[in-house]
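Here's upload38.txt, which has compact mmCIF, C-alpha atoms:
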```
# COMPACT_ATOMS: atom_id res chain seq x y z
CA MET T 1 16.44 23.98 -5.47
CA PRO T 2 13.72 26.56 -6.20
CA SER T 3 10.53 25.08 -7.55
CA ILE T 4 9.25 25.79 -11.05
CA ASN T 5 5.75 27.09 -10.33
CA LYS T 6 4.09 25.59 -13.33
CA SER T 7 1.83 22.53 -13.30
CA LEU T 8 -0.83 22.08 -10.65
CA LEU T 9 -0.25 18.91 -8.61
CA SER T 10 -3.36 17.16 -7.30
CA ILE T 11 -2.64 15.07 -4.21
CA CYS T 12 -5.35 12.46 -3.63
CA CYS T 13 -5.40 11.22 -0.03
CA LEU T 14 -7.43 8.32 1.31
CA GLY T 15 -8.07 7.78 5.00
CA PHE T 16 -9.85 5.30 7.23
CA ASN T 17 -9.39 5.72 11.00
CA HIS T 18 -6.08 7.53 10.48
CA ALA T 19 -6.70 10.41 12.91
CA ASP T 20 -3.33 9.85 14.65
CA PHE T 21 -1.41 10.31 11.40
CA ILE T 22 -3.29 13.02 9.49
CA LYS T 23 -1.18 15.95 10.71
CA ASP T 24 2.07 14.21 9.73
CA ASN T 25 0.68 13.55 6.26
CA LEU T 26 -0.60 17.06 5.58
CA ASP T 27 2.55 18.62 7.06
CA SER T 28 4.67 16.54 4.67
CA ILE T 29 2.68 18.06 1.80
CA LEU T 30 3.36 21.59 3.04
CA ASN T 31 7.05 20.77 3.37
CA ILE T 32 7.26 20.06 -0.36
CA HIS T 33 7.33 23.89 -0.65
CA TYR T 34 5.57 23.91 -4.00
CA GLU T 35 2.75 26.41 -4.01
CA ASN T 36 0.74 24.98 -6.90
CA ILE T 37 -0.82 22.05 -5.02
CA GLU T 38 -4.40 21.05 -4.29
CA VAL T 39 -5.26 18.38 -1.74
CA ILE T 40 -8.32 16.13 -2.03
CA VAL T 41 -9.05 13.93 0.99
CA ILE T 42 -11.52 11.04 0.89
CA ASP T 43 -12.50 9.80 4.34
CA ASP T 44 -14.00 6.34 3.91
CA GLY T 45 -16.39 6.33 6.85
CA SER T 46 -13.89 6.62 9.71
CA SER T 47 -15.21 5.90 13.21
CA ASP T 48 -12.41 7.83 14.96
CA ASP T 49 -11.79 11.59 15.06
CA SER T 50 -10.52 11.83 11.48
CA ILE T 51 -13.14 14.31 10.25
CA ARG T 52 -12.74 16.58 13.26
CA VAL T 53 -8.94 16.57 12.84
CA LEU T 54 -9.27 17.33 9.12
CA GLU T 55 -11.74 20.18 9.66
CA ASP T 56 -9.53 21.71 12.36
CA ILE T 57 -6.48 21.61 10.10
CA LYS T 58 -8.42 23.00 7.13
CA GLU T 59 -9.16 26.24 9.02
CA THR T 60 -5.52 27.36 8.77
CA TYR T 61 -4.16 25.13 5.99
CA PRO T 62 -2.49 27.36 3.37
CA LEU T 63 -3.21 25.05 0.41
CA PRO T 64 -6.62 24.27 -1.15
CA LEU T 65 -7.95 21.32 0.87
CA LYS T 66 -11.17 19.53 -0.09
CA ILE T 67 -12.59 16.99 2.38
CA ILE T 68 -15.05 14.37 1.15
CA SER T 69 -16.68 12.35 3.92
CA GLN T 70 -18.61 9.25 2.89
CA HIS T 71 -20.03 6.00 4.21
CA ASN T 72 -17.47 3.21 4.30
CA THR T 73 -17.08 1.37 1.00
CA GLY T 74 -13.82 -0.48 1.61
CA ASN T 75 -13.20 -0.08 -2.14
CA ILE T 76 -9.87 1.71 -2.51
CA GLY T 77 -10.08 1.99 -6.29
CA LEU T 78 -13.58 3.49 -6.14
CA ASN T 79 -12.50 5.98 -3.47
CA PHE T 80 -9.44 7.14 -5.40
CA ASN T 81 -11.56 7.47 -8.55
CA ASN T 82 -13.83 9.81 -6.58
CA ALA T 83 -10.76 11.90 -5.74
CA ILE T 84 -9.55 11.84 -9.36
CA ARG T 85 -12.89 13.26 -10.52
CA GLU T 86 -12.45 16.18 -8.14
CA SER T 87 -8.84 16.87 -9.15
CA LYS T 88 -7.89 19.65 -11.56
CA GLY T 89 -4.12 19.22 -11.78
CA ASP T 90 -1.94 18.39 -14.75
CA LEU T 91 -0.01 16.13 -12.36
CA ILE T 92 -1.47 13.70 -9.84
CA THR T 93 -0.26 11.50 -6.99
CA PHE T 94 -1.88 9.20 -4.44
CA ILE T 95 -1.25 8.52 -0.78
CA SER T 96 -2.89 6.95 2.26
CA LEU T 97 -3.29 9.35 5.18
CA ASP T 98 -1.16 7.16 7.45
CA ASP T 99 1.85 7.49 5.13
CA VAL T 100 3.97 10.60 4.56
CA PHE T 101 5.88 12.06 1.64
CA HIS T 102 9.63 12.54 1.50
CA SER T 103 9.08 16.20 0.78
CA LYS T 104 12.47 17.08 -0.76
CA VAL T 105 12.30 14.17 -3.20
CA MET T 106 8.73 15.05 -4.15
CA LEU T 107 9.82 18.57 -5.11
CA GLN T 108 12.62 17.15 -7.27
CA GLN T 109 10.11 14.91 -9.04
CA ILE T 110 7.71 17.79 -9.65
CA ASN T 111 10.44 19.98 -11.09
CA GLU T 112 11.59 17.24 -13.43
CA LEU T 113 8.08 16.59 -14.70
CA ASN T 114 7.65 20.32 -15.25
CA SER T 115 10.86 20.50 -17.27
CA LYS T 116 10.29 17.35 -19.40
CA SER T 117 6.89 17.28 -21.05
CA ASN T 118 7.32 13.74 -22.42
CA LEU T 119 7.66 12.15 -18.95
CA ALA T 120 4.57 10.08 -18.18
CA PHE T 121 5.52 9.43 -14.57
CA ILE T 122 8.33 9.35 -12.03
CA ALA T 123 8.51 6.55 -9.44
CA SER T 124 11.06 5.24 -6.96
CA SER T 125 12.77 1.88 -6.52
CA LYS T 126 13.01 2.51 -2.78
CA ALA T 127 10.47 3.01 0.02
CA LEU T 128 11.46 3.46 3.66
CA SER T 129 9.21 2.32 6.51
CA ILE T 130 8.35 4.27 9.65
CA ASN T 131 6.75 3.17 12.90
CA HIS T 132 3.69 4.58 14.69
CA LEU T 133 5.74 7.52 16.01
CA GLY T 134 7.37 8.31 12.66
CA TYR T 135 10.82 6.85 13.27
CA VAL T 136 12.49 5.12 10.33
CA ASP T 137 12.87 1.34 10.61
CA GLU T 138 16.57 0.94 9.89
CA THR T 139 16.23 -2.86 9.69
CA ARG T 140 14.30 -2.44 6.42
CA PRO T 141 16.59 -1.01 3.73
CA GLY T 142 13.62 -0.37 1.47
CA GLU T 143 15.30 -1.40 -1.78
CA LEU T 144 12.82 -2.95 -4.22
CA GLN T 145 13.69 -5.54 -6.87
CA LEU T 146 13.36 -2.72 -9.39
CA SER T 147 16.57 -1.18 -7.99
CA LYS T 148 18.56 -4.13 -9.39
CA ILE T 149 17.56 -3.37 -12.99
CA LYS T 150 19.73 -0.85 -14.81
CA ASN T 151 17.77 1.38 -17.17
CA PRO T 152 14.45 -0.52 -16.81
CA GLN T 153 12.05 -0.66 -19.75
CA ILE T 154 8.27 -1.02 -19.74
CA GLU T 155 8.55 -4.80 -20.27
CA ASP T 156 10.73 -4.99 -17.14
CA LEU T 157 8.05 -3.22 -15.11
CA ILE T 158 5.33 -5.56 -16.41
CA ARG T 159 7.50 -8.57 -15.60
CA LEU T 160 7.98 -7.33 -12.03
CA GLU T 161 4.22 -7.04 -11.61
CA TYR T 162 3.95 -10.76 -12.43
CA GLU T 163 7.07 -12.10 -10.73
CA GLN T 164 7.34 -9.79 -7.70
CA LEU T 165 3.65 -8.82 -7.51
CA GLY T 166 4.60 -5.16 -7.80
CA ALA T 167 7.20 -2.95 -9.46
CA PHE T 168 7.09 0.09 -7.17
CA TYR T 169 4.89 1.88 -4.64
CA LEU T 170 2.02 3.89 -6.07
CA GLN T 171 2.27 6.32 -3.14
CA GLY T 172 4.79 9.03 -3.87
CA SER T 173 4.87 8.35 -7.60
CA ILE T 174 3.71 11.30 -9.72
CA PHE T 175 1.75 10.80 -12.95
CA ARG T 176 0.42 12.88 -15.81
CA LYS T 177 -3.29 13.14 -15.03
CA SER T 178 -4.14 13.01 -18.74
CA ILE T 179 -2.77 9.46 -18.86
CA ILE T 180 -4.61 8.41 -15.69
CA ASP T 181 -7.78 9.74 -17.32
CA SER T 182 -6.99 7.87 -20.55
CA ILE T 183 -6.80 4.53 -18.74
CA HIS T 184 -9.96 5.42 -16.75
CA GLY T 185 -8.25 5.38 -13.38
CA PHE T 186 -8.71 2.41 -11.09
CA ASP T 187 -10.85 -0.66 -11.86
CA ILE T 188 -13.55 -0.68 -9.19
CA ASP T 189 -14.48 -4.32 -9.88
CA MET T 190 -11.03 -5.44 -8.69
CA THR T 191 -10.03 -5.86 -5.04
CA GLY T 192 -6.55 -4.54 -5.80
CA ASP T 193 -5.83 -0.92 -6.51
CA ASP T 194 -2.14 -0.07 -7.01
CA ILE T 195 -1.13 -3.22 -8.93
CA VAL T 196 -4.09 -2.84 -11.31
CA LEU T 197 -3.43 0.85 -12.01
CA ARG T 198 0.26 0.16 -12.66
CA ILE T 199 -0.46 -2.67 -15.11
CA LYS T 200 -2.98 -0.54 -16.99
CA LEU T 201 -0.47 2.30 -17.10
CA PHE T 202 2.36 0.09 -18.37
CA ASN T 203 0.17 -1.47 -21.06
CA TYR T 204 -0.85 2.03 -22.18
CA LEU T 205 2.79 3.13 -22.45
CA LYS T 206 3.63 0.01 -24.49
CA ILE T 207 1.24 1.29 -27.15
CA HIS T 208 2.07 4.97 -26.80
CA SER T 209 5.85 4.75 -27.04
CA ASP T 210 6.32 8.51 -27.40
CA TRP T 211 5.99 8.75 -23.61
CA SER T 212 8.98 8.08 -21.34
CA PHE T 213 9.28 7.51 -17.60
CA LYS T 214 11.91 7.80 -14.89
CA ILE T 215 12.82 5.60 -11.92
CA ILE T 216 14.77 7.22 -9.09
CA ASN T 217 16.51 5.51 -6.16
CA ASN T 218 15.73 8.07 -3.44
CA ASN T 219 12.60 7.13 -1.54
CA ASN T 220 9.70 9.49 -2.24
CA ILE T 221 7.49 7.95 0.47
CA PHE T 222 7.70 6.83 4.07
CA TYR T 223 5.35 3.87 4.48
CA ARG T 224 3.77 3.67 7.95
CA LEU T 225 3.83 0.25 9.60
CA HIS T 226 1.05 -0.27 12.15
CA ASP T 227 -1.56 -2.83 13.12
CA ASN T 228 -4.24 -1.69 10.67
CA ASN T 229 -2.13 -1.86 7.51
CA ILE T 230 -4.14 -3.48 4.71
CA HIS T 231 -1.07 -5.39 3.53
CA LYS T 232 -1.18 -7.41 6.77
CA ASN T 233 -4.45 -9.00 5.61
CA SER T 234 -2.81 -11.94 3.82
CA ALA T 235 -6.05 -13.44 2.52
CA ARG T 236 -6.97 -10.12 0.90
CA GLN T 237 -3.51 -9.79 -0.65
CA ILE T 238 -3.76 -13.29 -2.13
CA LYS T 239 -7.23 -12.51 -3.48
CA ILE T 240 -5.84 -9.38 -5.15
CA VAL T 241 -3.06 -11.31 -6.88
CA THR T 242 -5.32 -14.14 -8.07
CA GLU T 243 -7.73 -11.59 -9.58
CA VAL T 244 -4.87 -9.84 -11.38
CA TRP T 245 -3.43 -13.19 -12.50
CA GLU T 246 -6.82 -14.19 -13.94
CA ARG T 247 -7.36 -10.90 -15.79
CA TYR T 248 -3.89 -10.15 -17.14
CA TRP T 249 -1.99 -13.46 -17.28
CA PRO T 250 -4.66 -16.19 -17.51
CA ASN T 251 -2.41 -18.55 -19.48
CA LYS T 252 0.67 -18.20 -17.30
CA GLU T 253 1.66 -20.53 -14.47
CA ILE T 254 1.03 -19.50 -10.88
CA PRO T 255 3.66 -16.89 -9.95
CA PRO T 256 6.27 -18.54 -7.67
CA LEU T 257 6.06 -15.69 -5.15
CA LEU T 258 2.31 -16.23 -4.89
CA VAL T 259 2.95 -19.89 -4.06
CA ASN T 260 5.16 -18.74 -1.18
CA TRP T 261 2.43 -16.38 0.05
CA VAL T 262 -0.24 -19.08 -0.11
CA CYS T 263 1.88 -21.70 1.67
CA GLY T 264 2.76 -19.18 4.39
CA TYR T 265 -0.90 -18.28 4.89
CA VAL T 266 -2.15 -21.87 4.90
CA LYS T 267 0.44 -22.83 7.52
CA ASN T 268 -1.33 -20.72 10.16
CA ALA T 269 -4.91 -20.93 8.84
CA ASN T 270 -7.80 -23.05 10.12
CA PHE T 271 -9.94 -25.27 7.89
CA GLU T 272 -12.64 -22.63 7.38
CA GLN T 273 -10.08 -20.00 6.32
CA ILE T 274 -8.50 -22.44 3.87
CA ILE T 275 -11.88 -23.20 2.27
CA ARG T 276 -12.60 -19.46 1.85
CA LEU T 277 -9.17 -18.83 0.34
CA PHE T 278 -9.48 -21.50 -2.35
CA THR T 279 -13.05 -20.66 -3.38
CA THR T 280 -12.46 -16.97 -4.08
CA ASN T 281 -12.22 -17.17 -7.86
CA LYS T 282 -11.16 -19.44 -10.73
CA LYS T 283 -7.44 -18.90 -10.20
CA SER T 284 -7.66 -19.58 -6.47
CA ILE T 285 -9.13 -23.01 -7.33
CA GLU T 286 -6.32 -23.62 -9.84
CA MET T 287 -3.78 -23.13 -7.06
CA LEU T 288 -4.94 -26.44 -5.59
CA ASP T 289 -3.09 -28.19 -8.44
CA ASN T 290 0.24 -26.99 -7.09
CA ILE T 291 2.13 -29.71 -5.18
CA ARG T 292 3.61 -27.32 -2.62
CA VAL T 293 0.18 -25.86 -1.92
CA GLN T 294 -1.31 -29.36 -1.50
CA THR T 295 1.42 -30.32 0.96
CA SER T 296 0.88 -27.14 2.99
CA ILE T 297 -2.87 -27.78 3.21
CA LYS T 298 -2.34 -31.35 4.45
CA LYS T 299 0.09 -30.19 7.14
CA SER T 300 -2.25 -27.40 8.20
CA ILE T 301 -5.27 -29.69 8.61
CA ARG T 302 -3.18 -32.24 10.52
CA ASN T 303 -1.90 -29.59 12.90
CA ASP T 304 -5.25 -27.85 13.35
CA PHE T 305 -6.36 -30.07 16.23
CA ILE T 306 -3.03 -29.71 18.04
CA THR T 307 -3.17 -25.94 17.62
CA SER T 308 -6.73 -25.75 18.93
CA PHE T 309 -5.85 -27.76 22.02
CA THR T 310 -2.78 -25.62 22.65
CA LYS T 311 -4.84 -22.43 22.39
CA PHE T 312 -7.25 -23.84 24.96
CA ILE T 313 -4.40 -24.05 27.46
CA PHE T 314 -2.57 -20.84 26.54
CA HIS T 315 -3.37 -18.19 23.97
CA ARG T 316 -1.75 -14.77 23.47
CA GLU T 317 -3.44 -12.20 21.24
CA ARG T 318 -2.10 -8.89 19.94
CA LEU T 319 -4.88 -6.29 20.10
CA ASN T 320 -2.83 -3.40 18.75
CA GLU T 321 0.76 -2.21 18.44
CA PHE T 322 1.16 -2.06 22.23
CA LYS T 323 -1.57 -4.08 23.99
CA ARG T 324 -1.43 -7.89 24.43
CA VAL T 325 -4.02 -10.24 25.98
CA ILE T 326 -3.23 -13.68 27.44
CA THR T 327 -5.97 -16.28 27.95
CA LEU T 328 -5.50 -19.44 30.07
CA PHE T 329 -7.89 -22.40 29.81
CA SER T 330 -10.29 -20.29 27.71
CA PHE T 331 -11.59 -18.21 30.64
CA ILE T 332 -8.71 -16.77 32.72
CA GLN T 333 -7.67 -13.58 30.97
CA PHE T 334 -5.28 -10.70 31.63
CA SER T 335 -3.63 -8.02 29.51
CA TYR T 336 -0.39 -6.05 29.48
CA ILE T 337 1.04 -3.04 27.66
CA LYS T 338 4.34 -3.11 25.82
CA SER T 339 6.65 -0.13 26.25
CA LYS T 340 5.96 2.74 23.87
CA LYS T 341 9.49 4.09 24.14
CA ARG T 342 11.02 4.84 20.77
CA PRO T 343 14.32 3.20 19.77
CA THR T 344 17.16 5.58 20.59
CA ASN T 345 19.11 4.81 17.40
CA ASN T 346 16.36 5.67 14.89
CA ILE T 347 15.91 8.87 12.90
CA HIS T 348 12.58 10.63 12.54
CA PHE T 349 11.37 10.95 8.93
CA THR T 350 11.36 14.76 9.21
CA LYS T 351 15.18 14.68 9.50
CA TYR T 352 15.59 13.26 6.00
```

What do you get writing this file as structure tokens?
Amino acid sequence: MPSINKSLLSICCLGFNHADFIKDNLDSILNIHYENIEVIVIDDGSSDDSIRVLEDIKETYPLPLKIISQHNTGNIGLNFNNAIRESKGDLITFISLDDVFHSKVMLQQINELNSKSNLAFIASSKALSINHLGYVDETRPGELQLSKIKNPQIEDLIRLEYEQLGAFYLQGSIFRKSIIDSIHGFDIDMTGDDIVLRIKLFNYLKIHSDWSFKIINNNNIFYRLHDNNIHKNSARQIKIVTEVWERYWPNKEIPPLLVNWVCGYVKNANFEQIIRLFTTNKKSIEMLDNIRVQTSIKKSIRNDFITSFTKFIFHRERLNEFKRVITLFSFIQFSYIKSKKRPTNNIHFTKY
């Protein structure tokens, strides 16, 4: 389908030690085959070769590419707000430099937004995962709970933010920049980024009912799974949800899915980690009233001594996606490397 060369799309990219994945990301932008794109990259103080890789690519990159290198803040919302301020497009999207776009679907979304001026955003109810090498994880179908709702309304999206702790992926979704500006972008005083922006957006559209939105089922993003994914930091994820719970639903009960997250985290946490988790904010303290949470804490403390003794005898640690270290009796240590061979039955994301 030929593109409608109309609105400028600003693609805001955020990277931190993503040197291995930058080329895949920027290539996926080129493969959208929509000429009216600008790319703004925020590098949040990477210690790898990210800046060198970006500067090398910029020399021959056919699209406008602005690179902003800064000291590490660790504040995703603040960093994306910096990119928003630099963006000039009528349309805007966000992505982490380790992820990649499904280029064909992105072009379809752009064309639809160009042809329907009342669309506030287009998002997807599906997100496929890829491994370090870019091969799709076929064990993860990628269907979100949103896919089960026929003709979802704004109230459905808000409900999913509370019940499922997220309606859809921010990456790959395309928004009218005027609306993002109207809600003042991300809240930099919140640990969370995507969930906060979505809730602010949905609340805005509740008031301004002249806007519509569209949910598609084709994935617009390939989410990269690797050892440095932020979502693997369970304590941070729980902190995000408790902050959102406190700000947007202070009078509601603890979301059941959050209870599951907390119990799962506590099961493998030590006493110090448990104390930190439940002293994060007001809502984290309130979680202590939950019976399931109380039971999980008791079991964790009881098992802490047994776990510590077991680790003294034998402990295996995963350093990265491939390297493992085994320690015996706290001082005998050796490491090994897992095979880096790709699964033969997987498809590379570029084949989609």

### Query
Using only C-alpha atoms, which residues sit within 9 Å of T:Ser50 once same-chain residues fewer than 3 positions away are excluded, as a ChimeraX atom specification?
/T:15-20,22,43,46-47,53-55

### Task
Kindly give the distance, in Å, that separates atom CA of T:Met287 and atom CA of T:Ile254, rounded to a single decimal.
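According to the coordinates, atom CA of T:Met287 and atom CA of T:Ile254 are separated by 7.1 Å.
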
Pull the closest atom pair for each residue of stretch 38-103 of chain T that gets at most 6 Å from stretch 177-198 of chain T, along with the distance in Å to one decimal, counting only C-alpha atoms, ordering rows by chain and then ascending residue number, as a tab-separated table.
```
residue	atom	partner	partner_atom	distance
T:Gly77	CA	T:Phe186	CA	5.0
T:Leu78	CA	T:Ile188	CA	5.2
T:Asp90	CA	T:Lys177	CA	5.4
T:Leu91	CA	T:Lys177	CA	5.2
T:Ile92	CA	T:Lys177	CA	5.5
```

Same residues, C-alpha atoms, output as a compact mmCIF listing (two decimals), in the frame of the given file:
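As a result, out13.txt now contains:
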```txt
# COMPACT_ATOMS: atom_id res chain seq x y z
CA GLY T 77 -10.08 1.99 -6.29
CA LEU T 78 -13.58 3.49 -6.14
CA ASP T 90 -1.94 18.39 -14.75
CA LEU T 91 -0.01 16.13 -12.36
CA ILE T 92 -1.47 13.70 -9.84
```

### Query
Expressed in Å to a single decimal, how great is the separation between atom CA of T:Ile51 and atom CA of T:Gly74?
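Computing it gives 17.1 Å between the two atoms.
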
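Pairwise distance (atom CA of T:Thr279, atom CA of T:Glu163) equals 23.1 Å.
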
### Query
Can you list, as a VMD selection string, every protein, DNA or RNA residue that comes within 10 Å of T:Gly264 when you count all atoms listed in the file, leaving out same-chain residues fewer than 4 positions away?
chain T and resid 234 258 to 260 268 to 269 293 296

Contacts of T:Gln153 within 10 Å, only C-alpha atoms, excl. fewer than 2 positions in-chain, as an mmCIF file with C-alpha atoms, keeping the file's coordinate frame:
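And here is the file that came out, result_30.cif:
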```cif
data_model
loop_
_atom_site.group_PDB
_atom_site.id
_atom_site.type_symbol
_atom_site.label_atom_id
_atom_site.label_comp_id
_atom_site.auth_asym_id
_atom_site.auth_seq_id
_atom_site.Cartn_x
_atom_site.Cartn_y
_atom_site.Cartn_z
ATOM 1 C CA ILE T 149 17.560 -3.370 -12.990
ATOM 2 C CA LYS T 150 19.730 -0.850 -14.810
ATOM 3 C CA ASN T 151 17.770 1.380 -17.170
ATOM 4 C CA GLU T 155 8.550 -4.800 -20.270
ATOM 5 C CA ASP T 156 10.730 -4.990 -17.140
ATOM 6 C CA LEU T 157 8.050 -3.220 -15.110
ATOM 7 C CA ILE T 158 5.330 -5.560 -16.410
ATOM 8 C CA PHE T 202 2.360 0.090 -18.370
ATOM 9 C CA LYS T 206 3.630 0.010 -24.490
ATOM 10 C CA SER T 212 8.980 8.080 -21.340
ATOM 11 C CA PHE T 213 9.280 7.510 -17.600
ATOM 12 C CA LYS T 214 11.910 7.800 -14.890
#
```

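Checking T:Val100, T:Ala120, T:Val41, T:Val266 one by one against T:His348, counting all atoms listed in the file, you find the shortest gap at T:Val100.
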
### Task
Could you check which of T:Thr280, T:Asn218, T:Ser69, T:Asn118 is closest to T:Gly172, using only C-alpha atoms?
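Smallest distance to T:Gly172 is found for T:Asn218.
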
What are the centre and the three edge lengths of an axis-aligned box that wraps all atoms of stretch 168-174 of chain T in the file, given that 5 Å is added to every side, written as AutoDock Vina command-line options and rounded to one decimal in Å?
```
--center_x 4.6 --center_y 5.7 --center_z -6.4 --size_x 15.1 --size_y 21.2 --size_z 16.6
```

Missing atoms of stretch 31-45 of chain T rebuilt to N, CA and C atoms, written as an mmCIF file, in the frame of the given file:
```cif
data_model
loop_
_atom_site.group_PDB
_atom_site.id
_atom_site.type_symbol
_atom_site.label_atom_id
_atom_site.label_comp_id
_atom_site.auth_asym_id
_atom_site.auth_seq_id
_atom_site.Cartn_x
_atom_site.Cartn_y
_atom_site.Cartn_z
ATOM 1 N N ASN T 31 5.587 20.730 3.402
ATOM 2 C CA ASN T 31 7.050 20.770 3.370
ATOM 3 C C ASN T 31 7.635 20.505 1.979
ATOM 4 N N ILE T 32 6.783 20.166 1.014
ATOM 5 C CA ILE T 32 7.260 20.060 -0.360
ATOM 6 C C ILE T 32 7.670 21.451 -0.859
ATOM 7 N N HIS T 33 7.035 22.497 -0.299
ATOM 8 C CA HIS T 33 7.330 23.890 -0.650
ATOM 9 C C HIS T 33 7.132 24.147 -2.152
ATOM 10 N N TYR T 34 5.999 23.657 -2.623
ATOM 11 C CA TYR T 34 5.570 23.910 -4.000
ATOM 12 C C TYR T 34 4.163 24.469 -3.887
ATOM 13 N N GLU T 35 3.994 25.709 -4.287
ATOM 14 C CA GLU T 35 2.750 26.410 -4.010
ATOM 15 C C GLU T 35 1.563 25.910 -4.829
ATOM 16 N N ASN T 36 1.827 25.346 -5.993
ATOM 17 C CA ASN T 36 0.740 24.980 -6.900
ATOM 18 C C ASN T 36 0.264 23.555 -6.639
ATOM 19 N N ILE T 37 -0.323 23.357 -5.465
ATOM 20 C CA ILE T 37 -0.820 22.050 -5.020
ATOM 21 C C ILE T 37 -2.256 22.183 -4.554
ATOM 22 N N GLU T 38 -3.076 21.199 -4.903
ATOM 23 C CA GLU T 38 -4.400 21.050 -4.290
ATOM 24 C C GLU T 38 -4.449 19.690 -3.621
ATOM 25 N N VAL T 39 -5.171 19.611 -2.512
ATOM 26 C CA VAL T 39 -5.260 18.380 -1.740
ATOM 27 C C VAL T 39 -6.717 17.944 -1.687
ATOM 28 N N ILE T 40 -6.976 16.708 -2.108
ATOM 29 C CA ILE T 40 -8.320 16.130 -2.030
ATOM 30 C C ILE T 40 -8.257 14.944 -1.079
ATOM 31 N N VAL T 41 -9.035 14.994 -0.007
ATOM 32 C CA VAL T 41 -9.050 13.930 0.990
ATOM 33 C C VAL T 41 -10.387 13.200 0.951
ATOM 34 N N ILE T 42 -10.329 11.889 0.779
ATOM 35 C CA ILE T 42 -11.520 11.040 0.890
ATOM 36 C C ILE T 42 -11.450 10.319 2.220
ATOM 37 N N ASP T 43 -12.419 10.568 3.096
ATOM 38 C CA ASP T 43 -12.500 9.800 4.340
ATOM 39 C C ASP T 43 -13.560 8.731 4.161
ATOM 40 N N ASP T 44 -13.117 7.462 4.229
ATOM 41 C CA ASP T 44 -14.000 6.340 3.910
ATOM 42 C C ASP T 44 -14.749 5.829 5.135
ATOM 43 N N GLY T 45 -15.535 6.734 5.738
ATOM 44 C CA GLY T 45 -16.390 6.330 6.850
ATOM 45 C C GLY T 45 -15.661 6.033 8.135
#
```
